[in-house]
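J.: Compact mmCIF, C-alpha atoms, saved as data_21.txt, coming up:
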```txt
# COMPACT_ATOMS: atom_id res chain seq x y z
CA MET A 2 1.83 21.97 -57.47
CA ARG A 3 3.99 21.26 -54.44
CA LEU A 4 3.62 23.29 -51.23
CA SER A 5 6.10 23.70 -48.40
CA VAL A 6 4.77 25.40 -45.28
CA ALA A 7 6.75 26.60 -42.28
CA ILE A 8 5.63 28.63 -39.26
CA PHE A 9 8.13 30.76 -37.35
CA LYS A 10 7.30 32.11 -33.89
CA LYS A 11 9.19 35.20 -32.78
CA LYS A 12 9.28 37.16 -29.52
CA ASN A 13 6.99 39.92 -30.72
CA PHE A 14 5.75 41.83 -33.77
CA ILE A 15 8.99 43.80 -34.13
CA GLN A 16 11.05 40.61 -34.26
CA ALA A 17 8.55 39.04 -36.67
CA MET A 18 8.76 42.01 -39.04
CA GLY A 19 12.57 41.87 -38.91
CA PHE A 20 12.40 38.23 -39.96
CA VAL A 21 9.85 38.99 -42.70
CA ASN A 22 12.13 41.63 -44.17
CA GLN A 23 15.09 39.24 -44.19
CA VAL A 24 12.95 36.66 -45.98
CA ALA A 25 11.70 39.35 -48.40
CA LEU A 26 15.24 40.31 -49.40
CA LEU A 27 16.21 36.69 -50.00
CA ALA A 28 12.98 36.07 -51.93
CA GLU A 29 13.48 39.09 -54.17
CA LYS A 30 17.09 38.09 -54.80
CA ALA A 31 16.01 34.56 -55.74
CA ASN A 32 13.01 35.88 -57.69
CA HIS A 33 10.97 33.27 -55.85
CA HIS A 34 8.39 34.75 -53.49
CA PRO A 35 6.71 32.77 -50.73
CA ASP A 36 3.24 33.65 -49.49
CA ILE A 37 3.81 35.43 -46.17
CA ASP A 38 1.15 35.52 -43.44
CA ILE A 39 1.89 37.66 -40.38
CA ARG A 40 -0.07 37.14 -37.14
CA TRP A 41 1.64 39.46 -34.62
CA ASN A 42 4.64 37.30 -33.54
CA LYS A 43 3.99 34.41 -35.94
CA VAL A 44 5.04 34.25 -39.58
CA LYS A 45 3.80 31.54 -41.93
CA LEU A 46 5.76 31.03 -45.15
CA THR A 47 4.33 28.98 -47.99
CA LEU A 48 6.63 28.18 -50.86
CA SER A 49 4.98 26.79 -53.93
CA THR A 50 6.41 25.58 -57.16
CA HIS A 51 4.03 25.75 -60.09
CA SER A 52 6.41 24.36 -62.66
CA ALA A 53 8.83 21.45 -62.90
CA GLY A 54 6.42 19.12 -61.08
CA GLY A 55 8.11 19.43 -57.71
CA VAL A 56 11.08 20.84 -55.85
CA THR A 57 13.46 22.95 -57.89
CA GLU A 58 16.96 24.22 -57.21
CA ASN A 59 15.34 27.62 -56.49
CA ASP A 60 13.19 26.14 -53.70
CA ILE A 61 16.10 24.39 -52.07
CA GLU A 62 18.37 27.43 -52.17
CA LEU A 63 15.72 29.77 -50.79
CA ALA A 64 14.72 27.33 -48.04
CA LYS A 65 18.35 26.88 -47.00
CA ALA A 66 18.90 30.64 -46.93
CA ILE A 67 15.78 31.15 -44.77
CA GLU A 68 16.87 28.38 -42.38
CA LYS A 69 20.15 30.21 -41.81
CA LEU A 70 18.42 33.42 -40.63
CA MET B 18 -15.55 40.28 -32.85
CA ARG B 19 -15.66 42.74 -35.71
CA LEU B 20 -13.44 42.31 -38.78
CA SER B 21 -12.39 44.90 -41.33
CA VAL B 22 -10.64 43.55 -44.41
CA ALA B 23 -8.88 45.52 -47.13
CA ILE B 24 -6.79 44.33 -50.07
CA PHE B 25 -4.12 46.57 -51.57
CA LYS B 26 -2.60 45.79 -54.96
CA LYS B 27 0.85 47.23 -55.67
CA LYS B 28 3.09 47.26 -58.74
CA ASN B 29 5.32 44.43 -57.54
CA PHE B 30 6.72 42.66 -54.46
CA ILE B 31 9.14 45.48 -53.66
CA GLN B 32 6.31 48.03 -53.59
CA ALA B 33 4.15 45.64 -51.55
CA MET B 34 6.89 45.18 -48.94
CA GLY B 35 7.38 48.94 -48.73
CA PHE B 36 3.67 49.30 -47.98
CA VAL B 37 3.76 46.44 -45.44
CA ASN B 38 6.58 48.14 -43.56
CA GLN B 39 4.72 51.44 -43.46
CA VAL B 40 1.67 49.63 -42.08
CA ALA B 41 3.87 47.76 -39.59
CA LEU B 42 5.30 51.00 -38.20
CA LEU B 43 1.84 52.52 -37.80
CA ALA B 44 0.53 49.30 -36.24
CA GLU B 45 3.36 49.11 -33.70
CA LYS B 46 2.91 52.78 -32.84
CA ALA B 47 -0.82 52.23 -32.29
CA ASN B 48 -0.19 48.92 -30.52
CA HIS B 49 -2.91 47.49 -32.75
CA HIS B 50 -1.65 44.89 -35.21
CA PRO B 51 -3.61 43.79 -38.26
CA ASP B 52 -3.20 40.34 -39.75
CA ILE B 53 -1.04 40.85 -42.85
CA ASP B 54 -1.13 38.43 -45.80
CA ILE B 55 1.38 39.05 -48.60
CA ARG B 56 0.85 37.47 -52.04
CA TRP B 57 3.63 38.94 -54.22
CA ASN B 58 2.11 42.33 -55.16
CA LYS B 59 -1.06 42.01 -53.06
CA VAL B 60 -1.41 42.78 -49.36
CA LYS B 61 -4.47 41.84 -47.36
CA LEU B 62 -4.96 43.59 -44.04
CA THR B 63 -7.46 42.30 -41.51
CA LEU B 64 -8.15 44.47 -38.51
CA SER B 65 -10.05 42.82 -35.73
CA THR B 66 -11.32 44.18 -32.49
CA HIS B 67 -11.75 41.59 -29.79
CA SER B 68 -12.99 43.95 -27.14
CA ALA B 69 -15.49 46.79 -26.91
CA GLY B 70 -18.01 44.98 -29.13
CA GLY B 71 -17.13 46.88 -32.27
CA VAL B 72 -15.08 49.72 -33.71
CA THR B 73 -12.81 51.51 -31.31
CA GLU B 74 -10.93 54.79 -31.55
CA ASN B 75 -7.80 52.68 -32.16
CA ASP B 76 -9.34 51.05 -35.25
CA ILE B 77 -10.44 54.34 -36.72
CA GLU B 78 -7.08 56.04 -36.16
CA LEU B 79 -5.09 53.16 -37.61
CA ALA B 80 -7.40 52.80 -40.65
CA LYS B 81 -7.15 56.54 -41.34
CA ALA B 82 -3.37 56.44 -41.08
CA ILE B 83 -3.18 53.45 -43.47
CA GLU B 84 -5.48 55.18 -45.97
CA LYS B 85 -3.10 58.14 -46.07
CA LEU B 86 -0.12 55.98 -47.14
```
Translate the structure described by the file into structure tokens.
T.:
Amino acid sequence: MRLSVAIFKKKNFIQAMGFVNQVALLAEKANHHPDIDIRWNKVKLTLSTHSAGGVTENDIELAKAIEKL
Amino acid sequence: MRLSVAIFKKKNFIQAMGFVNQVALLAEKANHHPDIDIRWNKVKLTLSTHSAGGVTENDIELAKAIEKL
């Protein structure tokens, strides 16, 4: 299993929740759901791929979409 | 520091995110923000109180409000 972890620091909890909801919509659309850990203004996303032995097209597309937020 | 942990299992990610947003609104209103860990349909909330050496009125009110969701 491959893991990709990214931590995003926002101004406050409101901004963090806005970001989380944007990620959630992209994740649901891609049917590929990262683990999401919220610590007030910090959001940790962990994308894991259980199949295909590594990075898939799904991972890359979702990561690119999140980077554009 | 006192910790209170609760895990909520929902039908799916959409239901889990709906719950997370309800909790987020209550948390922001109470100015008391739990750690929130989302694992697809499961949501773990960790409420911690750094001050007052234990449970405060804030904890009790927020926990009651979350239980009513």
J.: Distance cut-off 8 Å, counting all atoms listed in the file - which residues of chain B neighbour chain A? Return them as a PDB file with C-alpha atoms, keeping the file's coordinate frame.
T.:
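And here is the file that came out, iface-v2.pdb:
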```pdb
ATOM      1  CA  PHE B  30       6.720  42.660 -54.460  1.00  0.00           C
ATOM      2  CA  ILE B  31       9.140  45.480 -53.660  1.00  0.00           C
ATOM      3  CA  MET B  34       6.890  45.180 -48.940  1.00  0.00           C
ATOM      4  CA  ASN B  38       6.580  48.140 -43.560  1.00  0.00           C
ATOM      5  CA  ALA B  41       3.870  47.760 -39.590  1.00  0.00           C
ATOM      6  CA  GLU B  45       3.360  49.110 -33.700  1.00  0.00           C
ATOM      7  CA  HIS B  50      -1.650  44.890 -35.210  1.00  0.00           C
ATOM      8  CA  PRO B  51      -3.610  43.790 -38.260  1.00  0.00           C
ATOM      9  CA  ASP B  52      -3.200  40.340 -39.750  1.00  0.00           C
ATOM     10  CA  ILE B  53      -1.040  40.850 -42.850  1.00  0.00           C
ATOM     11  CA  ASP B  54      -1.130  38.430 -45.800  1.00  0.00           C
ATOM     12  CA  ILE B  55       1.380  39.050 -48.600  1.00  0.00           C
ATOM     13  CA  ARG B  56       0.850  37.470 -52.040  1.00  0.00           C
ATOM     14  CA  TRP B  57       3.630  38.940 -54.220  1.00  0.00           C
TER      15      TRP B  57
END
```
J.: Residues within 10 Å of Asn75 of chain B, please, as a VMD selection string. Count all atoms listed in the file; anything in the same chain fewer than 3 positions from it doesn't count.
T.: chain B and resid 44 47 to 49 66 72 78 to 81
J.: Quick one, how far is atom CA of Phe9 of chain A from atom CA of Ala82 of chain B?
T.: 28.4 Å
J.: Expressed in Å to a single decimal, how great is the separation between atom CA of Gln39 of chain B and atom CA of Glu68 of chain A?
T.: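 Computing it gives 26.1 Å between the two atoms.
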J.: One decimal, Å: what's the distance from atom CA of Leu64 of chain B over to atom CA of Ile77 of chain B, could you say?
T.: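 Interatomic distance here is 10.3 Å.
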